[in-house]
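In what follows, a structure is listed as structure tokens, so that the remarks can point back to it.
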Number of protein chains: 4
Amino acid sequence: MARPLSPEKRNALLLAATHAVAEQGVLATTASIARRAGVAEGTLFTYFENKELLFQELYLHVKHELADAVMPDYPHQADYRHRLEHVFQRYVSWGLSNTAARLAVARLSASVQLLDGTRAQGMEPFQAVSGMIEDAVQSGVLVNAPIAFLYSIIERIADTTIEYVDRQPADADRYRQLGFHAVWRAITP
Amino acid sequence: MARPLSPEKRNALLLAATHAVAEQGVLATTASIARRAGVAEGTLFTYFENKELLFQELYLHVKHELADAVMPDYPHQADYRHRLEHVFQRYVSWGLSNTAARLAVARLSASVQLLDGTRAQGMEPFQAVSGMIEDAVQSGVLVNAPIAFLYSIIERIADTTIEYVDRQPADADRYRQLGFHAVWRAITP
Amino acid sequence: MARPLSPEKRNALLLAATHAVAEQGVLATTASIARRAGVAEGTLFTYFENKELLFQELYLHVKHELADAVMPDYPHQADYRHRLEHVFQRYVSWGLSNTAARLAVARLSASVQLLDGTRAQGMEPFQAVSGMIEDAVQSGVLVNAPIAFLYSIIERIADTTIEYVDRQPADADRYRQLGFHAVWRAITP
Amino acid sequence: MARPLSPEKRNALLLAATHAVAEQGVLATTASIARRAGVAEGTLFTYFENKELLFQELYLHVKHELADAVMPDYPHQADYRHRLEHVFQRYVSWGLSNTAARLAVARLSASVQLLDGTRAQGMEPFQAVSGMIEDAVQSGVLVNAPIAFLYSIIERIADTTIEYVDRQPADADRYRQLGFHAVWRAITP
DNA sequence: GATGAATGAGCTTTCATTCAT
DNA sequence: CATGAATGAAAGCTCATTCAT
């Protein structure tokens, strides 16, 4: 089987791409990503067919990492408010300690380069959240609106919260409280 | 380079850039923008020193257009809720009838290419809104939070609203209502 | 009209390509062709859309040059033998004094890279010859065979003649005589 | 490097190279040849030191296959015309049933890539034919010309014949007759 | 010996910018 | 001032070859 494809190299490439895209957006060059990852320029293409596909995989990879950070310890039994707050605060925490990943996803999201199905695929790991929102809407706890719309609002307010905590870390707690307050009120009747 | 001769050409270039950036993001080429504007490749550079500055000016130009659409008929005398709703609905209306401009700004915002002061400059035309928010906070009508933070939340929810109306125009009214409901509740105590 | 496309540059590029292809075949690089022509790498692409099209145009260009060398002074009134000999000897002479062009066409012909219509287009300038062959067949002077087949045989024997004269210039006259003898006998009954 | 272990793999590589070169010329990649042969990319290089040498060996290999098809049943006792016709028709038959091999040799012949001695080596298996031509020249049956020149003419007319039969198989017999007629008349006084 | 991942020089092509016309 | 040809530094990607497995 000769030398097998190395998961370490693949991860190094994704990590390098994360930082490069966070810094340069889609203008990040494959050469710079390879260099950052410590592999030869050509090696990148044995792991990712081309730049576009690298970016799709990067997007999905980060979305999965985010899900892996948000979902554990999910308090299935708690009331909707506490469940949502768990998700919100974890999301914010992840964003704060993974600035590059967060920026990379933001850059990719806004940059046309995302292939059609990719955005939808990126939502899959968060089905538990969607399901919870759906139930809460059904039970009348949340405002009667399409799930995706509510999800979007939550995400946007969370992103805003992250940005402000990032800029003024001293006021982290206040912004986190303000943020969740805004979320909860925005989506309740 | 001073102020160039033909405002028509300058506007044609900005308009062409709007569409090009909406479609291709920062990967839009200066040649394609010039072609779209009906001028020669070199002409672009007599109106804009280089691509980066073109993008700054495009960003500010669109922000001003947005302000010009939002601010007229501003009901200075109405209560805070009505004043904010005026702004919100005008913002949404502008976004719906200026898809390219909206997308262009979104692409530029998310792509490193914006120079530092530019984002702040883009907020200037909306000082009346900021001022109103400030007063409302002071008077206790809005939640006690930094103005910029509240402004961000409003903007994000408005953008989300636009996106959903764009995708499902049949439900325009519902989303506009849901959107403003979310905004108002999000920022009130 | 700014700077107009320069026929000199275009010719320099075709000439450079002729020598490069004669020497390296289709492996000749666009960079080496541009360098030889004394223009920047990018300039090649303002004159030829891409490498493949450059090669098509080179092929046709050389074929036209060959026709321009062969057809003048064509003795319309002479008998078939003399008319054919005119063509044959001119063809050989051209091949001898245009080694690079001859080799380039040979390399391109054998290299798959020729687009479909190109080969046919390359024959167009030689319609007078085809017509003459056709008449001669009709009149029974030449063997009753498809024109294209006879044309091919003539061409191949001429090419062989050129090669041998090239290698042994001292025996030029003998090979030219032997060559035409072979041609004439090969295609007469 | 000596003689490698598996003649099957070596043959598979030569066969794969035959088809790849017939289709892509010298641009055929070693990877594609290895894939076609069903071996790993690296394996190619244990059988052939590098791409250039692979092509030399391919050229000689095909030339030997051709000789093996042409020479058997050679009618040593027959007169020159019949001996030559044997060779000619066998050559044409081989070309018709070995299109890829024929094309591969044509592509290689016309592409600089053939090392100097290789072309000469490729003629060795046809010494019986050369010898016969030499005798025929001596005896005055063939025109008094260098053997190689006559040989070239025969080869070129045979190649032309193959091409036309290939394109119009219905007229195979006619072209074979026309072809040999042309050969015999071309090289006889 | 066979495998195929790793390498990096080198290729074609693009593109922001300049400048002759 | 407008034009668009000219430039050449990259960019993305390929591929012959090597070498760890």
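Starting from 1 in every chain, residues are counted up; chains themselves are A, B, ... following the order of the structure tokens, and ligands are numbered from 1 as listed.
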List every residue of chain F that has an atom at most 10 Å from any atom of chain D, and for each one report the closest atom pair and its distance in Å to one decimal, counting only C-alpha atoms (C1' of nucleotides), with rows sorted by chain and then by increasing residue number, as CSV.
```
residue,atom,partner,partner_atom,distance
F:DT14,C1',D:Thr29,CA,9.8
F:DC15,C1',D:Thr29,CA,7.3
F:DA16,C1',D:Thr30,CA,7.4
F:DT17,C1',D:Asn50,CA,8.2
F:DT18,C1',D:Gly42,CA,8.7
F:DC19,C1',D:Gly42,CA,9.8
```
Per residue of chain D within 9 Å of chain E, record the nearest atom pair and its distance in Å to one decimal, counting only C-alpha atoms (C1' of nucleotides), with rows in chain order and ascending residue number, as JSON lines.
```
{"residue": "D:Leu5", "atom": "CA", "partner": "E:DG1", "partner_atom": "C1'", "distance": 8.2}
{"residue": "D:Val39", "atom": "CA", "partner": "E:DA2", "partner_atom": "C1'", "distance": 8.4}
{"residue": "D:Ala40", "atom": "CA", "partner": "E:DT3", "partner_atom": "C1'", "distance": 5.9}
{"residue": "D:Glu41", "atom": "CA", "partner": "E:DG4", "partner_atom": "C1'", "distance": 6.9}
{"residue": "D:Gly42", "atom": "CA", "partner": "E:DT3", "partner_atom": "C1'", "distance": 7.1}
{"residue": "D:Thr43", "atom": "CA", "partner": "E:DA2", "partner_atom": "C1'", "distance": 6.5}
{"residue": "D:Thr46", "atom": "CA", "partner": "E:DG1", "partner_atom": "C1'", "distance": 8.6}
```
Keeping only N, CA, C and O atoms, write those residues as a PDB file, in the first residue's frame.
```
ATOM      1  N   LEU D   5      12.212  -8.563 -13.754  1.00  0.00           N
ATOM      2  CA  LEU D   5      11.583  -9.853 -13.513  1.00  0.00           C
ATOM      3  C   LEU D   5      10.474 -10.220 -14.477  1.00  0.00           C
ATOM      4  O   LEU D   5      10.518 -11.271 -15.097  1.00  0.00           O
ATOM      5  N   VAL D  39      -0.305  -1.083 -13.643  1.00  0.00           N
ATOM      6  CA  VAL D  39       0.762  -1.125 -12.637  1.00  0.00           C
ATOM      7  C   VAL D  39       0.861   0.233 -11.957  1.00  0.00           C
ATOM      8  O   VAL D  39       0.252   1.204 -12.411  1.00  0.00           O
ATOM      9  N   ALA D  40       1.637   0.288 -10.905  1.00  0.00           N
ATOM     10  CA  ALA D  40       1.779   1.547 -10.184  1.00  0.00           C
ATOM     11  C   ALA D  40       2.688   2.505 -10.949  1.00  0.00           C
ATOM     12  O   ALA D  40       3.504   2.081 -11.768  1.00  0.00           O
ATOM     13  N   GLU D  41       2.527   3.791 -10.657  1.00  0.00           N
ATOM     14  CA  GLU D  41       3.322   4.801 -11.357  1.00  0.00           C
ATOM     15  C   GLU D  41       4.812   4.510 -11.253  1.00  0.00           C
ATOM     16  O   GLU D  41       5.553   4.635 -12.221  1.00  0.00           O
ATOM     17  N   GLY D  42       5.236   4.153 -10.068  1.00  0.00           N
ATOM     18  CA  GLY D  42       6.664   3.934  -9.856  1.00  0.00           C
ATOM     19  C   GLY D  42       7.195   2.724 -10.595  1.00  0.00           C
ATOM     20  O   GLY D  42       8.373   2.679 -10.979  1.00  0.00           O
ATOM     21  N   THR D  43       6.335   1.744 -10.787  1.00  0.00           N
ATOM     22  CA  THR D  43       6.780   0.498 -11.434  1.00  0.00           C
ATOM     23  C   THR D  43       7.327   0.745 -12.829  1.00  0.00           C
ATOM     24  O   THR D  43       8.299   0.107 -13.249  1.00  0.00           O
ATOM     25  N   THR D  46      10.961   1.009 -12.986  1.00  0.00           N
ATOM     26  CA  THR D  46      11.862  -0.123 -12.770  1.00  0.00           C
ATOM     27  C   THR D  46      12.039  -0.873 -14.086  1.00  0.00           C
ATOM     28  O   THR D  46      12.988  -1.625 -14.248  1.00  0.00           O
TER      29      THR D  46
END
```
- Task: List the neighbours of Val129 (chain D) out to 10 Å using only C-alpha atoms (C1' of nucleotides); skip same-chain residues closer than 4 positions along the sequence, and give me the result as a PyMOL selection string.
- Result: chain D and resi 70-71+74+83-84+87+123-125+133-135+147+151
- Task: Run DSSP on the backbone and grab whatever in region 32-180 of chain C lands in helix (DSSP H, G or I); send it over as JSON, numbers by chain.
- Result: {"C": [32, 33, 34, 35, 36, 37, 41, 42, 43, 44, 45, 46, 47, 51, 52, 53, 54, 55, 56, 57, 58, 59, 60, 61, 62, 63, 64, 65, 66, 67, 68, 69, 70, 80, 81, 82, 83, 84, 85, 86, 87, 88, 89, 90, 91, 92, 93, 94, 95, 96, 97, 99, 100, 101, 102, 103, 104, 105, 106, 107, 108, 109, 116, 117, 118, 119, 120, 121, 122, 123, 124, 125, 126, 127, 128, 129, 130, 131, 132, 133, 134, 135, 136, 137, 138, 147, 148, 149, 150, 151, 152, 153, 154, 155, 156, 157, 158, 159, 160, 161, 162, 163, 164, 165, 166, 167, 169, 170, 171, 172, 173, 174, 175, 176, 177, 178, 179, 180]}
Polymer residues at most 8 Å from region 15-26 of chain D, only C-alpha atoms (C1' of nucleotides), same-chain spacing of 2 or more positions, as a short mmCIF file (atom, residue, chain, number, x, y, z; two decimals) with N, CA and C atoms, in the first residue's frame:
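Resulting contents of around-v7.cif:
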```
data_model
loop_
_atom_site.label_atom_id
_atom_site.label_comp_id
_atom_site.auth_asym_id
_atom_site.auth_seq_id
_atom_site.Cartn_x
_atom_site.Cartn_y
_atom_site.Cartn_z
N SER C 111 1.11 15.37 -34.58
CA SER C 111 1.06 15.47 -33.12
C SER C 111 -0.31 15.60 -32.48
N VAL C 112 -1.35 15.17 -33.19
CA VAL C 112 -2.68 15.13 -32.60
C VAL C 112 -3.23 16.52 -32.29
N ASN D 11 5.67 -5.98 -21.11
CA ASN D 11 4.83 -5.94 -22.31
C ASN D 11 3.58 -5.12 -22.09
N ALA D 12 3.01 -5.26 -20.92
CA ALA D 12 1.80 -4.47 -20.63
C ALA D 12 2.13 -2.99 -20.72
N LEU D 13 3.31 -2.63 -20.23
CA LEU D 13 3.71 -1.22 -20.28
C LEU D 13 3.93 -0.76 -21.72
N ALA D 28 1.62 12.10 -23.82
CA ALA D 28 1.11 11.03 -22.96
C ALA D 28 1.94 11.00 -21.68
N THR D 29 1.28 10.91 -20.55
CA THR D 29 2.02 10.97 -19.29
C THR D 29 2.41 9.56 -18.82
N SER D 32 -0.38 7.98 -16.95
CA SER D 32 -1.48 7.39 -17.72
C SER D 32 -1.05 6.06 -18.32
N ILE D 33 0.21 5.97 -18.70
CA ILE D 33 0.70 4.71 -19.26
C ILE D 33 0.69 3.63 -18.19
N ALA D 34 1.17 3.98 -17.02
CA ALA D 34 1.18 3.00 -15.93
C ALA D 34 -0.24 2.56 -15.60
N ARG D 36 -2.90 2.53 -17.50
CA ARG D 36 -3.36 1.67 -18.58
C ARG D 36 -2.78 0.27 -18.49
N ALA D 37 -1.53 0.21 -18.03
CA ALA D 37 -0.86 -1.09 -17.96
C ALA D 37 -1.25 -1.83 -16.69
N LEU D 58 9.96 1.66 -27.03
CA LEU D 58 8.67 1.46 -27.68
C LEU D 58 8.84 1.49 -29.19
N ALA D 100 -2.92 1.41 -33.63
CA ALA D 100 -2.26 2.14 -32.55
C ALA D 100 -0.75 2.08 -32.71
N ALA D 101 -0.23 0.94 -33.00
CA ALA D 101 1.22 0.79 -33.15
C ALA D 101 1.73 1.66 -34.29
N ARG D 102 0.99 1.65 -35.39
CA ARG D 102 1.40 2.47 -36.53
C ARG D 102 1.40 3.95 -36.17
N LEU D 103 0.32 4.39 -35.53
CA LEU D 103 0.24 5.80 -35.14
C LEU D 103 1.34 6.16 -34.15
N ALA D 104 1.57 5.26 -33.20
CA ALA D 104 2.59 5.54 -32.19
C ALA D 104 3.94 5.78 -32.85
N VAL D 105 4.29 4.90 -33.77
CA VAL D 105 5.58 5.07 -34.45
C VAL D 105 5.60 6.37 -35.24
N ARG D 107 3.96 9.11 -34.62
CA ARG D 107 4.07 10.23 -33.67
C ARG D 107 5.50 10.35 -33.16
N LEU D 108 6.08 9.21 -32.80
CA LEU D 108 7.44 9.25 -32.27
C LEU D 108 8.43 9.69 -33.34
N SER D 111 8.52 13.38 -33.72
CA SER D 111 8.75 14.22 -32.55
C SER D 111 10.17 14.05 -32.10
N GLN D 113 11.82 13.60 -29.98
CA GLN D 113 12.22 12.78 -28.85
C GLN D 113 13.05 11.54 -29.20
#
```
- Which neighbours of Leu66 (chain D) fall inside 10 Å, counting only C-alpha atoms (C1' of nucleotides), when residues of the same chain fewer than 6 positions from it are skipped, and could you give them as an MDAnalysis selection string? chainID D and resid 60 90:91 94:95 98 101:102 125:126
